[in-house]
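Enquirer: Next comes the structure file my_file.cif, holding mmCIF, C-alpha atoms.
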```cif
data_query
loop_
_atom_site.label_atom_id
_atom_site.label_comp_id
_atom_site.auth_asym_id
_atom_site.auth_seq_id
_atom_site.Cartn_x
_atom_site.Cartn_y
_atom_site.Cartn_z
CA MET A 55 24.82 169.91 26.77
CA GLU A 56 28.03 170.42 24.81
CA ARG A 57 30.48 173.13 25.71
CA PHE A 58 30.01 175.09 22.47
CA VAL A 59 26.49 176.11 21.45
CA PHE A 60 25.65 177.77 18.13
CA PHE A 61 22.43 179.60 17.26
CA GLY A 62 21.82 180.18 13.56
CA GLY A 63 18.98 180.94 11.19
CA LYS A 64 17.68 183.30 8.54
CA GLY A 65 18.56 186.98 8.88
CA GLY A 66 16.17 188.88 11.16
CA VAL A 67 14.61 185.90 12.95
CA GLY A 68 16.04 186.87 16.34
CA LYS A 69 19.23 184.80 16.66
CA THR A 70 20.90 187.42 18.83
CA THR A 71 17.97 187.64 21.24
CA VAL A 72 17.79 183.86 21.60
CA SER A 73 21.56 183.33 21.94
CA CYS A 74 21.84 186.09 24.56
CA ALA A 75 18.82 184.70 26.42
CA TYR A 76 20.37 181.22 26.46
CA ALA A 77 23.72 182.61 27.61
CA TYR A 78 21.87 184.49 30.37
CA ARG A 79 20.05 181.26 31.30
CA CYS A 80 23.34 179.37 31.58
CA ALA A 81 24.96 182.09 33.70
CA ASP A 82 21.88 182.27 35.93
CA ALA A 83 22.17 178.49 36.44
CA GLY A 84 25.72 178.94 37.75
CA VAL A 85 27.58 178.12 34.52
CA LYS A 86 30.49 180.42 33.64
CA THR A 87 29.48 181.53 30.12
CA LEU A 88 30.84 183.53 27.20
CA VAL A 89 28.53 184.77 24.42
CA VAL A 90 30.28 185.57 21.14
CA SER A 91 28.79 187.47 18.21
CA THR A 92 30.07 186.68 14.72
CA ASP A 93 27.23 188.63 13.11
CA PRO A 94 28.26 191.96 11.50
CA ALA A 95 25.12 193.59 12.95
CA HIS A 96 26.66 193.38 16.45
CA SER A 97 23.35 193.39 18.29
CA VAL A 98 24.76 191.78 21.43
CA SER A 99 25.82 195.27 22.54
CA ASP A 100 22.22 196.43 21.99
CA VAL A 101 20.72 193.56 23.98
CA PHE A 102 22.89 194.21 27.03
CA ASP A 103 23.06 197.99 26.43
CA GLN A 104 26.84 197.82 26.71
CA GLU A 105 29.65 198.09 24.17
CA PHE A 106 31.77 194.98 23.57
CA GLY A 107 34.96 194.45 21.59
CA ASP A 108 37.05 191.51 20.41
CA ASP A 109 38.17 190.64 23.96
CA PRO A 110 35.78 189.11 26.51
CA GLU A 111 34.22 191.62 28.90
CA SER A 112 31.91 191.09 31.86
CA VAL A 113 28.24 191.81 31.24
CA ALA A 114 27.15 194.44 33.74
CA GLY A 115 24.68 193.15 36.29
CA VAL A 116 24.93 189.50 35.24
CA ASP A 117 27.26 187.29 37.25
CA ARG A 118 29.28 184.62 35.41
CA LEU A 119 28.48 186.07 31.96
CA ASP A 120 31.01 187.64 29.56
CA ALA A 121 30.50 188.82 25.99
CA MET A 122 32.60 189.70 22.95
CA GLU A 123 31.90 190.82 19.39
CA ILE A 124 34.13 189.76 16.51
CA ASP A 125 34.38 192.48 13.86
CA PRO A 126 34.59 190.76 10.44
CA GLU A 127 36.48 193.60 8.76
CA ASP A 128 39.07 193.76 11.56
CA GLU A 129 39.46 189.99 11.40
CA MET A 130 39.92 190.16 7.64
CA GLN A 131 42.73 192.71 8.00
CA ARG A 132 44.36 190.76 10.85
CA HIS A 133 44.09 187.52 8.86
CA LEU A 134 45.76 189.05 5.79
CA GLN A 135 48.47 190.67 7.90
CA GLU A 136 49.37 187.33 9.50
CA ILE A 137 49.65 185.75 6.05
CA ARG A 138 51.72 188.69 4.81
CA GLU A 139 54.16 188.47 7.74
CA GLY A 140 54.47 184.70 7.49
CA LEU A 141 55.18 184.69 3.76
CA SER A 142 57.51 187.69 3.88
CA GLU A 143 59.91 185.70 6.07
CA GLN A 144 60.05 182.86 3.57
CA VAL A 145 60.49 184.57 0.18
CA SER A 146 62.97 186.91 -1.43
CA THR A 147 62.65 190.66 -1.02
CA ALA A 148 61.68 190.96 -4.67
CA MET A 149 58.63 188.79 -4.05
CA VAL A 150 57.31 190.75 -1.05
CA SER A 151 55.69 193.51 -3.13
CA GLU A 152 54.01 190.91 -5.35
CA ILE A 153 52.70 189.10 -2.26
CA ASN A 154 51.29 192.37 -0.93
CA ARG A 155 49.58 193.04 -4.26
CA GLN A 156 48.04 189.58 -4.37
CA LEU A 157 46.82 189.85 -0.77
CA GLU A 158 45.18 193.21 -1.43
CA MET A 159 43.40 191.68 -4.40
CA SER A 160 42.25 188.74 -2.26
CA HIS A 161 40.52 191.09 0.20
CA GLY A 162 37.35 191.11 -1.88
CA THR A 163 37.46 187.58 -3.26
CA PRO A 164 34.69 185.07 -2.44
CA GLY A 165 35.49 183.11 0.69
CA ALA A 166 38.03 185.58 2.15
CA TYR A 167 35.47 186.94 4.63
CA GLU A 168 34.43 183.45 5.71
CA ALA A 169 38.04 182.27 6.08
CA ALA A 170 38.93 185.20 8.34
CA LEU A 171 35.78 184.82 10.43
CA PHE A 172 36.30 181.06 10.68
CA ASP A 173 39.82 181.59 12.01
CA ALA A 174 38.44 184.05 14.57
CA PHE A 175 35.76 181.87 16.09
CA VAL A 176 37.87 178.70 16.05
CA THR A 177 40.61 180.66 17.82
CA VAL A 178 38.04 181.61 20.47
CA MET A 179 37.10 177.93 20.85
CA ARG A 180 40.72 176.80 20.98
CA GLU A 181 42.53 179.55 22.89
CA GLU A 182 40.07 181.80 24.73
CA SER A 183 37.46 179.35 26.02
CA ASP A 184 39.46 177.88 28.91
CA PRO A 185 37.89 180.06 31.66
CA TYR A 186 34.38 179.15 30.51
CA GLU A 187 32.15 176.11 30.93
CA ARG A 188 29.97 177.19 28.00
CA VAL A 189 30.59 179.34 24.92
CA VAL A 190 27.51 180.53 23.00
CA PHE A 191 27.88 181.76 19.41
CA ASP A 192 25.45 184.20 17.84
CA THR A 193 26.21 183.46 14.20
CA ALA A 194 25.77 185.22 10.87
CA PRO A 195 22.71 184.33 8.70
CA THR A 196 22.38 180.70 7.65
CA GLY A 197 24.18 180.82 4.29
CA SER A 198 27.34 182.34 5.74
CA THR A 199 27.25 180.02 8.74
CA LEU A 200 27.02 176.90 6.57
CA ARG A 201 29.95 178.10 4.47
CA LEU A 202 31.92 178.64 7.68
CA LEU A 203 31.10 175.19 9.03
CA GLY A 204 32.08 173.55 5.75
CA LEU A 205 35.58 175.00 5.82
CA PRO A 206 37.32 172.35 8.00
CA ASP A 207 36.74 169.58 5.47
CA PHE A 208 37.31 171.72 2.38
CA LEU A 209 40.45 173.47 3.59
CA GLY A 210 41.72 170.37 5.39
CA ASP A 211 41.81 168.47 2.09
CA TRP A 212 43.41 171.47 0.39
CA ILE A 213 46.14 171.64 3.06
CA ASP A 214 46.80 167.90 2.62
CA ARG A 215 47.38 168.44 -1.10
CA LEU A 216 49.69 171.39 -0.43
CA LEU A 217 51.69 169.32 2.07
CA TYR A 218 52.06 166.54 -0.45
CA LYS A 219 53.21 168.92 -3.19
CA ARG A 220 55.68 170.67 -0.88
CA LYS A 221 57.21 167.37 0.27
CA GLN A 222 57.45 166.23 -3.34
CA SER A 223 59.22 169.44 -4.29
CA ILE A 224 61.74 169.18 -1.44
CA ASP A 225 62.37 165.51 -2.16
CA LEU A 226 63.18 166.25 -5.80
CA PHE A 227 65.45 169.13 -4.81
CA GLU A 228 67.36 166.94 -2.37
CA LYS A 229 67.82 164.25 -5.02
CA ALA A 230 69.22 166.78 -7.48
CA ALA A 231 72.71 166.63 -5.92
CA ILE A 232 75.32 166.08 -8.64
CA GLY A 233 78.29 163.73 -8.34
CA ASP A 234 79.89 163.70 -4.92
CA MET A 235 77.96 166.75 -3.68
CA GLU A 236 76.20 166.13 -0.38
CA PRO A 237 72.44 166.63 -0.85
CA ARG A 238 70.92 169.39 1.28
CA ARG A 239 68.47 168.10 3.82
CA LEU A 240 65.59 170.56 3.63
CA MET A 241 62.62 168.54 4.84
CA ASP A 242 63.35 169.00 8.56
CA GLY A 243 62.70 172.55 9.66
CA ASP A 244 61.16 173.69 6.39
CA PRO A 245 59.12 176.80 7.35
CA VAL A 246 56.45 176.21 4.71
CA LEU A 247 55.89 172.62 5.88
CA GLU A 248 55.72 173.79 9.48
CA ARG A 249 53.13 176.44 8.64
CA LEU A 250 51.05 174.00 6.62
CA GLN A 251 51.20 171.44 9.41
CA ARG A 252 49.98 174.03 11.94
CA ARG A 253 47.06 174.87 9.65
CA LYS A 254 46.26 171.18 9.24
CA GLU A 255 46.14 170.74 13.03
CA PHE A 256 43.98 173.89 13.29
CA PHE A 257 41.40 172.48 10.86
CA GLU A 258 41.48 169.05 12.48
CA TYR A 259 40.72 170.68 15.85
CA ALA A 260 37.86 172.66 14.30
CA GLY A 261 36.30 169.61 12.67
CA ASP A 262 36.54 167.55 15.85
CA ALA A 263 35.20 170.36 18.06
CA MET A 264 32.17 170.96 15.85
CA ARG A 265 31.27 167.31 15.47
CA ASN A 266 31.90 166.18 19.04
CA HIS A 267 31.74 169.21 21.33
CA ALA A 268 29.22 171.58 19.71
CA ALA A 269 25.42 171.78 19.63
CA PHE A 270 23.59 173.61 16.84
CA PHE A 271 20.17 175.24 17.16
CA LEU A 272 18.22 177.03 14.44
CA VAL A 273 15.94 179.99 15.11
CA LEU A 274 12.91 180.51 12.84
CA ASN A 275 9.83 182.72 12.55
CA PRO A 276 6.34 181.28 11.92
CA ASP A 277 6.19 182.24 8.24
CA GLN A 278 6.62 180.04 5.17
CA LEU A 279 9.86 181.65 3.95
CA SER A 280 11.54 181.11 7.32
CA VAL A 281 10.23 177.53 7.58
CA ASN A 282 11.48 176.73 4.07
CA GLU A 283 14.94 178.12 4.76
CA THR A 284 15.11 176.20 8.03
CA GLY A 285 14.43 172.99 6.12
CA ARG A 286 17.23 173.77 3.69
CA ALA A 287 19.55 174.64 6.58
CA ILE A 288 18.88 171.30 8.28
CA GLU A 289 19.81 169.55 5.03
CA GLY A 290 22.97 171.67 4.84
CA PHE A 291 24.01 170.66 8.34
CA THR A 292 23.30 167.00 7.56
CA ASP A 293 25.44 167.20 4.41
CA ARG A 294 28.32 168.41 6.61
CA ASP A 295 27.83 165.55 9.08
CA LEU A 296 26.56 167.98 11.72
CA ARG A 297 23.31 167.49 13.63
CA VAL A 298 20.82 170.23 14.50
CA ARG A 299 19.86 169.63 18.14
CA GLY A 300 16.72 171.76 18.22
CA LEU A 301 14.58 174.52 16.70
CA VAL A 302 13.41 177.76 18.31
CA ALA A 303 10.23 179.39 17.01
CA ASN A 304 10.51 183.12 17.69
CA LYS A 305 8.26 186.18 17.23
CA LEU A 306 4.96 184.33 17.58
CA THR A 307 1.85 186.52 17.67
CA PRO A 308 0.02 186.58 21.03
CA ALA A 309 -3.63 185.55 20.78
CA PRO A 310 -6.28 188.12 21.79
CA ASP A 311 -8.59 187.48 24.72
CA ALA A 312 -11.66 185.36 23.98
CA ASP A 313 -14.09 188.25 24.57
CA GLU A 314 -12.34 190.58 22.11
CA ASP A 315 -14.06 190.83 18.72
CA GLY A 316 -12.86 194.05 17.10
CA ARG A 317 -11.08 194.31 13.78
CA GLY A 318 -7.67 194.04 15.44
CA ALA A 319 -8.72 190.96 17.41
CA ARG A 320 -10.03 189.23 14.27
CA TYR A 321 -6.76 190.03 12.46
CA LEU A 322 -4.73 188.61 15.33
CA ARG A 323 -6.81 185.40 15.45
CA ASP A 324 -6.29 184.84 11.72
CA LYS A 325 -2.57 185.47 12.10
CA VAL A 326 -2.29 183.17 15.11
CA GLU A 327 -4.12 180.41 13.21
CA THR A 328 -1.76 180.74 10.25
CA GLU A 329 1.27 180.66 12.56
CA ARG A 330 -0.05 177.57 14.33
CA ASP A 331 -0.26 175.85 10.95
CA ARG A 332 3.39 176.74 10.31
CA ILE A 333 4.42 175.48 13.77
CA GLN A 334 2.57 172.23 13.14
CA GLN A 335 4.40 171.96 9.81
CA VAL A 336 7.68 172.31 11.68
CA ARG A 337 6.71 169.71 14.29
CA GLU A 338 5.63 167.15 11.72
CA GLY A 339 8.11 167.85 8.93
CA PHE A 340 11.44 168.32 10.69
CA GLU A 341 13.39 165.85 12.79
CA PRO A 342 14.95 168.30 15.29
CA PRO A 343 12.52 169.01 18.14
CA LEU A 344 10.96 172.41 18.79
CA VAL A 345 12.58 173.52 22.05
CA ALA A 346 10.85 176.89 22.43
CA GLU A 347 7.91 178.94 21.18
CA ILE A 348 8.63 182.57 22.02
CA GLU A 349 5.95 185.24 21.63
CA SER A 350 6.71 188.74 20.38
CA ARG A 351 7.10 191.42 23.01
CA THR A 352 5.84 194.99 22.75
CA ARG A 353 9.33 196.33 23.42
CA GLU A 354 12.91 195.29 22.75
CA VAL A 355 14.09 192.17 24.57
CA ARG A 356 16.62 193.35 27.12
CA GLY A 357 16.88 193.55 30.91
CA ASP A 358 13.97 191.81 32.65
CA LEU A 359 12.50 190.70 29.30
CA LEU A 360 15.71 188.80 28.53
CA SER A 361 15.14 186.81 31.71
CA ASP A 362 11.57 186.04 30.59
CA VAL A 363 12.74 184.77 27.19
CA ALA A 364 15.48 182.72 28.86
CA GLY A 365 12.80 180.99 30.92
CA GLU A 366 10.97 179.91 27.75
CA LEU A 367 13.97 178.06 26.31
CA ASP A 368 13.77 174.34 26.95
CA VAL A 369 17.49 173.89 26.37
CA GLU A 370 19.80 172.17 28.84
CA THR A 371 22.26 174.45 30.65
CA SER A 372 24.43 171.97 32.58
CA PRO A 373 28.05 171.94 31.38
CA PRO A 374 29.55 168.74 29.95
CA ASN A 375 31.37 166.39 32.28
CA PRO A 376 35.12 167.09 32.46
CA THR A 377 37.24 164.89 30.19
#
```
Write out the structure in this file as structure tokens.
Expert:
Amino acid sequence: MERFVFFGGKGGVGKTTVSCAYAYRCADAGVKTLVVSTDPAHSVSDVFDQEFGDDPESVAGVDRLDAMEIDPEDEMQRHLQEIREGLSEQVSTAMVSEINRQLEMSHGTPGAYEAALFDAFVTVMREESDPYERVVFDTAPTGSTLRLLGLPDFLGDWIDRLLYKRKQSIDLFEKAAIGDMEPRRLMDGDPVLERLQRRKEFFEYAGDAMRNHAAFFLVLNPDQLSVNETGRAIEGFTDRDLRVRGLVANKLTPAPDADEDGRGARYLRDKVETERDRIQQVREGFEPPLVAEIESRTREVRGDLLSDVAGELDVETSPPNPT
């Protein structure tokens, strides 16, 4: 199994439960594990009944397991502040107020949230994952996750164009020397080029890590809406040259005992039959294998129930071989 494991899916299908259960399973197997929530709901704290922040903290009572929750709004503000500080060092004082105004306007623009969150989880992969053999991501609902995963290619191409334009601009400025004037050599040490190059390397790392060192699993419920969205999500991953390794069917209805024949039992049998049809549709219609069928519990999945769910996940826990 790859070092980075992502669990995604439609909102409300139980991604947090499954990702925490898998992280628990890895830790229980002796693998030093970090579970990271990028979902604004922040249910990881609820599962472990413990508050987490944006720095890894040990999960009480579970050896070799740490957790952290990335707050999207905090990341947005931190992201904009880093841009503000970087640009303020490279422009005139008169331009600083205009930069601040533009950045404040960008706070609510489409894609700003995803860009900040993308930076946050790639930074975790790149800079905070060293102590861990496995990092498990509990992601936002499918649409947001696919937009996040598409950023390396989109922004990588954009950075390439900016680099080209900046080099063109500097080259023309250097050639503008008149007469015997010595042209100013600006290409080496140009702060804008350096910043753009760092971003290019950042996106290249992200693209490589997700294609070669990450496994993606989708969680679904046994209803038609969830099955349909899962199909669209698989196509979305394929379009981004990313492969879904497996599917997890969650919140299945337990079947009543054979001797039960009351109204409730008849309702449950009908529901179970419908869900089995949906599961069969998943098995026959989707390429990724079904790696777990998890029944609904009568109470929230935490504590001993988390261990039970972890045992139902047919997902490899062994860390990748060192490279």
Enquirer: So which residues get picked by the PyMOL selection byres ((chain A and resi 278) around 10) here, written as number ranges by chain?
Expert: A: 274-277, 279-284, 328-329, 331-333, 335
Enquirer: Need to verify the contact set: Tyr259 in chain A, 10 Å, only C-alpha atoms, exclusion of same-chain residues closer than 3 positions in sequence. Can you return it as a PyMOL selection string?
Expert: chain A and resi 176+179-180+206+253-256+262-264
Enquirer: Can you list, as number ranges by chain, the residues that the PyMOL selection byres ((chain A and resi 347-359) around 7) selects here?
Expert: A: 71, 101-102, 302-308, 346, 360-363, 366
Enquirer: Report the residues retrieved by the PyMOL selection byres ((chain A and resi 106-118) around 12) from the displayed file, expressed as an MDAnalysis selection string.
Expert: chainID A and resid 74:75 77:92 96:105 119:129 174:175 177:178 181:183 185:189 357:358 360:361
Enquirer: Quick one: residues within 10 Å of Asn375 in chain A, all atoms listed in the file counted, chain neighbours fewer than 4 positions away excluded, as a PyMOL selection string?
Expert: chain A and resi 55-57+187
Enquirer: Of the residues A:Pro245, A:Gly63, A:Gly204, A:Gly68, which is the one nearest to Arg220 in chain A, using all atoms listed in the file?
Expert: A:Pro245
Enquirer: May I ask for the distance between CA of Asp368 in chain A and CA of Ser73 in chain A, given in Å to one decimal place?
Expert: 12.9 Å
Enquirer: Could you check how far CA of Phe172 in chain A sits from CA of Met130 in chain A, in Å to one decimal?
Expert: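 Separating CA of Phe172 in chain A from CA of Met130 in chain A is a distance of 10.3 Å.
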Enquirer: For each of A:Phe291, A:Tyr321, A:Phe61, A:Trp212, take the minimum atom-to-atom distance to Ala194 in chain A, counting all atoms listed in the file, then give the residue where this is smallest.
Expert: A:Phe61
Enquirer: Kindly give the distance, in Å, that separates CA of Arg299 in chain A and CA of Val345 in chain A, rounded to a single decimal.
Expert: 9.1 Å
Enquirer: Measuring atom to atom with all atoms listed in the file, identify which of A:Gly316, A:Leu171, A:Asn266, A:Leu216 is nearest to Arg249 in chain A.
Expert: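 Among the listed residues, A:Leu216 lies closest to Arg249 in chain A.
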Enquirer: Determine the nearest neighbour of Val273 in chain A from the options A:Leu203, A:Val298, A:Ala260, A:Val190, counting only C-alpha atoms.
Expert: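 Of A:Leu203, A:Val298, A:Ala260, A:Val190, the one nearest Val273 in chain A is A:Val298, counting only C-alpha atoms.
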Enquirer: Counting all atoms listed in the file, which of A:Arg294, A:Lys219, A:Arg286, A:Arg138 gets nearest to Gly261 in chain A?
Expert: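 Looking at the shortest contact to Gly261 in chain A, the residue is A:Arg294.
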Enquirer: Reconstruct range 266-289 of chain A at the level of N, CA and C atoms, and format the result as a PDB file, in the frame of the given file.
Expert:
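Once written, out-v2.pdb looks like this:
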```pdb
ATOM      1  N   ASN A 266      31.963 166.895  17.769  1.00  0.00           N
ATOM      2  CA  ASN A 266      31.900 166.180  19.040  1.00  0.00           C
ATOM      3  C   ASN A 266      31.667 167.050  20.270  1.00  0.00           C
ATOM      4  N   HIS A 267      31.844 168.354  20.140  1.00  0.00           N
ATOM      5  CA  HIS A 267      31.740 169.210  21.330  1.00  0.00           C
ATOM      6  C   HIS A 267      30.864 170.432  21.098  1.00  0.00           C
ATOM      7  N   ALA A 268      30.067 170.436  20.028  1.00  0.00           N
ATOM      8  CA  ALA A 268      29.220 171.580  19.710  1.00  0.00           C
ATOM      9  C   ALA A 268      27.782 171.151  19.476  1.00  0.00           C
ATOM     10  N   ALA A 269      26.851 172.000  19.889  1.00  0.00           N
ATOM     11  CA  ALA A 269      25.420 171.780  19.630  1.00  0.00           C
ATOM     12  C   ALA A 269      24.919 172.927  18.764  1.00  0.00           C
ATOM     13  N   PHE A 270      24.096 172.615  17.776  1.00  0.00           N
ATOM     14  CA  PHE A 270      23.590 173.610  16.840  1.00  0.00           C
ATOM     15  C   PHE A 270      22.069 173.725  16.962  1.00  0.00           C
ATOM     16  N   PHE A 271      21.594 174.952  17.100  1.00  0.00           N
ATOM     17  CA  PHE A 271      20.170 175.240  17.160  1.00  0.00           C
ATOM     18  C   PHE A 271      19.831 176.253  16.075  1.00  0.00           C
ATOM     19  N   LEU A 272      18.664 176.105  15.471  1.00  0.00           N
ATOM     20  CA  LEU A 272      18.220 177.030  14.440  1.00  0.00           C
ATOM     21  C   LEU A 272      17.003 177.803  14.935  1.00  0.00           C
ATOM     22  N   VAL A 273      17.039 179.117  14.731  1.00  0.00           N
ATOM     23  CA  VAL A 273      15.940 179.990  15.110  1.00  0.00           C
ATOM     24  C   VAL A 273      15.116 180.281  13.854  1.00  0.00           C
ATOM     25  N   LEU A 274      13.785 180.250  13.981  1.00  0.00           N
ATOM     26  CA  LEU A 274      12.910 180.510  12.840  1.00  0.00           C
ATOM     27  C   LEU A 274      11.724 181.362  13.277  1.00  0.00           C
ATOM     28  N   ASN A 275      11.083 182.001  12.313  1.00  0.00           N
ATOM     29  CA  ASN A 275       9.830 182.720  12.550  1.00  0.00           C
ATOM     30  C   ASN A 275       8.688 181.902  11.941  1.00  0.00           C
ATOM     31  N   PRO A 276       7.459 182.102  12.401  1.00  0.00           N
ATOM     32  CA  PRO A 276       6.340 181.280  11.920  1.00  0.00           C
ATOM     33  C   PRO A 276       5.769 181.766  10.587  1.00  0.00           C
ATOM     34  N   ASP A 277       6.637 181.913   9.588  1.00  0.00           N
ATOM     35  CA  ASP A 277       6.190 182.240   8.240  1.00  0.00           C
ATOM     36  C   ASP A 277       6.813 181.242   7.269  1.00  0.00           C
ATOM     37  N   GLN A 278       6.221 181.104   6.087  1.00  0.00           N
ATOM     38  CA  GLN A 278       6.620 180.040   5.170  1.00  0.00           C
ATOM     39  C   GLN A 278       8.054 180.202   4.695  1.00  0.00           C
ATOM     40  N   LEU A 279       8.497 181.441   4.429  1.00  0.00           N
ATOM     41  CA  LEU A 279       9.860 181.650   3.950  1.00  0.00           C
ATOM     42  C   LEU A 279      10.880 181.166   4.990  1.00  0.00           C
ATOM     43  N   SER A 280      10.635 181.513   6.255  1.00  0.00           N
ATOM     44  CA  SER A 280      11.540 181.110   7.320  1.00  0.00           C
ATOM     45  C   SER A 280      11.533 179.591   7.508  1.00  0.00           C
ATOM     46  N   VAL A 281      10.340 178.989   7.439  1.00  0.00           N
ATOM     47  CA  VAL A 281      10.230 177.530   7.580  1.00  0.00           C
ATOM     48  C   VAL A 281      10.973 176.835   6.447  1.00  0.00           C
ATOM     49  N   ASN A 282      10.792 177.339   5.213  1.00  0.00           N
ATOM     50  CA  ASN A 282      11.480 176.730   4.070  1.00  0.00           C
ATOM     51  C   ASN A 282      12.992 176.813   4.214  1.00  0.00           C
ATOM     52  N   GLU A 283      13.490 177.978   4.623  1.00  0.00           N
ATOM     53  CA  GLU A 283      14.940 178.120   4.760  1.00  0.00           C
ATOM     54  C   GLU A 283      15.472 177.239   5.884  1.00  0.00           C
ATOM     55  N   THR A 284      14.688 177.087   6.936  1.00  0.00           N
ATOM     56  CA  THR A 284      15.110 176.200   8.030  1.00  0.00           C
ATOM     57  C   THR A 284      15.256 174.772   7.530  1.00  0.00           C
ATOM     58  N   GLY A 285      14.326 174.336   6.691  1.00  0.00           N
ATOM     59  CA  GLY A 285      14.430 172.990   6.120  1.00  0.00           C
ATOM     60  C   GLY A 285      15.691 172.825   5.300  1.00  0.00           C
ATOM     61  N   ARG A 286      16.002 173.837   4.490  1.00  0.00           N
ATOM     62  CA  ARG A 286      17.230 173.770   3.690  1.00  0.00           C
ATOM     63  C   ARG A 286      18.467 173.787   4.582  1.00  0.00           C
ATOM     64  N   ALA A 287      18.405 174.565   5.660  1.00  0.00           N
ATOM     65  CA  ALA A 287      19.550 174.640   6.580  1.00  0.00           C
ATOM     66  C   ALA A 287      19.795 173.292   7.252  1.00  0.00           C
ATOM     67  N   ILE A 288      18.725 172.616   7.656  1.00  0.00           N
ATOM     68  CA  ILE A 288      18.880 171.300   8.280  1.00  0.00           C
ATOM     69  C   ILE A 288      19.564 170.337   7.318  1.00  0.00           C
ATOM     70  N   GLU A 289      19.158 170.392   6.045  1.00  0.00           N
ATOM     71  CA  GLU A 289      19.810 169.550   5.030  1.00  0.00           C
ATOM     72  C   GLU A 289      21.283 169.918   4.891  1.00  0.00           C
TER      73      GLU A 289
END
```
